[in-house]
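Below is one structure, written out as structure tokens; comments come after it.
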Amino acid sequence: NHHIGDFYGFQQELIKANRRFCIYDPPGQGRTDVAPANKGEDEEYYYYQPLLDSISDKGPFIMVGWGQGGPKAYGYALKNPQNVLALVLMDS
């Protein structure tokens, strides 16, 4: 599994370009603990909106999904098109 450290180089380049970057490592992936109780059919997207709501920037956002995160980011974009300016899929 990938984890937030895999994006470190990419993040540094975006910082040099004066761009903001937020890395999301969902529960049960990468280096995080297993997710708590099932949240239903939208479980994969359950944590995205609270995360986006907690940051100072308001969307729409450019979302990047890598590997197994690609289908999750794609699913979120389909359900919330008003929040997604662009979707980048890497090795998905």
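By order of appearance in the structure tokens: chains A, B, ..., then residues from 1 within every chain, and ligands from 1 in the order shown.
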
With a distance cut-off of 8 Å and only C-alpha atoms, select the neighbouring residues of Leu89 in chain A, excluding the residue or stretch itself and same-chain residues fewer than 2 positions from it, and output the selection as a ChimeraX atom specification. /A:64-67,70,87,91-92

Excluding range 49-52 of chain A and residues on its chain fewer than 3 positions from it, collect all residues at most 10 Å away from it, counting only C-alpha atoms, and give them as an MDAnalysis selection string. chainID A and resid 22 24 45:46 55:61 76 80 83

Those selected residues, please, written with N, CA, C and O atoms and delivered as an mmCIF file, in the first residue's frame.
data_model
loop_
_atom_site.group_PDB
_atom_site.id
_atom_site.type_symbol
_atom_site.label_atom_id
_atom_site.label_comp_id
_atom_site.auth_asym_id
_atom_site.auth_seq_id
_atom_site.Cartn_x
_atom_site.Cartn_y
_atom_site.Cartn_z
ATOM 1 N N CYS A 22 -2.816 18.862 0.077
ATOM 2 C CA CYS A 22 -3.289 18.122 1.236
ATOM 3 C C CYS A 22 -3.247 16.639 0.900
ATOM 4 O O CYS A 22 -3.766 16.213 -0.133
ATOM 5 N N TYR A 24 -4.342 12.874 1.887
ATOM 6 C CA TYR A 24 -5.344 12.145 2.666
ATOM 7 C C TYR A 24 -4.995 10.664 2.649
ATOM 8 O O TYR A 24 -4.864 10.066 1.591
ATOM 9 N N TYR A 45 -16.283 7.131 0.714
ATOM 10 C CA TYR A 45 -16.271 8.583 0.553
ATOM 11 C C TYR A 45 -16.638 9.307 1.847
ATOM 12 O O TYR A 45 -16.665 10.524 1.886
ATOM 13 N N TYR A 46 -16.905 8.558 2.895
ATOM 14 C CA TYR A 46 -17.420 9.106 4.149
ATOM 15 C C TYR A 46 -16.497 10.158 4.751
ATOM 16 O O TYR A 46 -16.960 11.137 5.330
ATOM 17 N N ILE A 55 -10.637 22.383 5.988
ATOM 18 C CA ILE A 55 -9.535 23.229 5.525
ATOM 19 C C ILE A 55 -10.058 24.612 5.172
ATOM 20 O O ILE A 55 -11.242 24.799 4.897
ATOM 21 N N SER A 56 -9.178 25.590 5.154
ATOM 22 C CA SER A 56 -9.606 26.971 4.941
ATOM 23 C C SER A 56 -9.995 27.247 3.493
ATOM 24 O O SER A 56 -10.835 28.094 3.243
ATOM 25 N N ASP A 57 -9.376 26.575 2.547
ATOM 26 C CA ASP A 57 -9.734 26.769 1.141
ATOM 27 C C ASP A 57 -11.063 26.105 0.852
ATOM 28 O O ASP A 57 -11.350 25.019 1.351
ATOM 29 N N LYS A 58 -11.854 26.751 0.036
ATOM 30 C CA LYS A 58 -13.108 26.160 -0.398
ATOM 31 C C LYS A 58 -12.959 25.784 -1.867
ATOM 32 O O LYS A 58 -12.313 26.469 -2.629
ATOM 33 N N GLY A 59 -13.551 24.686 -2.246
ATOM 34 C CA GLY A 59 -13.422 24.135 -3.588
ATOM 35 C C GLY A 59 -13.998 25.039 -4.651
ATOM 36 O O GLY A 59 -14.369 26.160 -4.380
ATOM 37 N N PRO A 60 -14.002 24.528 -5.853
ATOM 38 C CA PRO A 60 -13.701 23.125 -6.153
ATOM 39 C C PRO A 60 -12.199 22.842 -6.090
ATOM 40 O O PRO A 60 -11.377 23.736 -6.197
ATOM 41 N N PHE A 61 -11.879 21.567 -5.922
ATOM 42 C CA PHE A 61 -10.510 21.103 -5.721
ATOM 43 C C PHE A 61 -10.046 20.241 -6.896
ATOM 44 O O PHE A 61 -10.858 19.648 -7.599
ATOM 45 N N TYR A 76 -15.971 9.786 -5.519
ATOM 46 C CA TYR A 76 -16.304 11.037 -4.837
ATOM 47 C C TYR A 76 -16.647 12.107 -5.871
ATOM 48 O O TYR A 76 -17.625 12.850 -5.710
ATOM 49 N N ASN A 80 -20.042 14.239 -6.111
ATOM 50 C CA ASN A 80 -19.887 15.632 -5.666
ATOM 51 C C ASN A 80 -19.210 16.486 -6.734
ATOM 52 O O ASN A 80 -18.173 17.104 -6.478
ATOM 53 N N ASN A 83 -17.670 19.958 -6.135
ATOM 54 C CA ASN A 83 -16.473 20.101 -5.302
ATOM 55 C C ASN A 83 -15.187 19.730 -6.022
ATOM 56 O O ASN A 83 -14.109 19.840 -5.447
#

So what do you get for CA of Asn18 in chain A versus CA of Lys72 in chain A, distance-wise?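 A separation of 26.9 Å between them.
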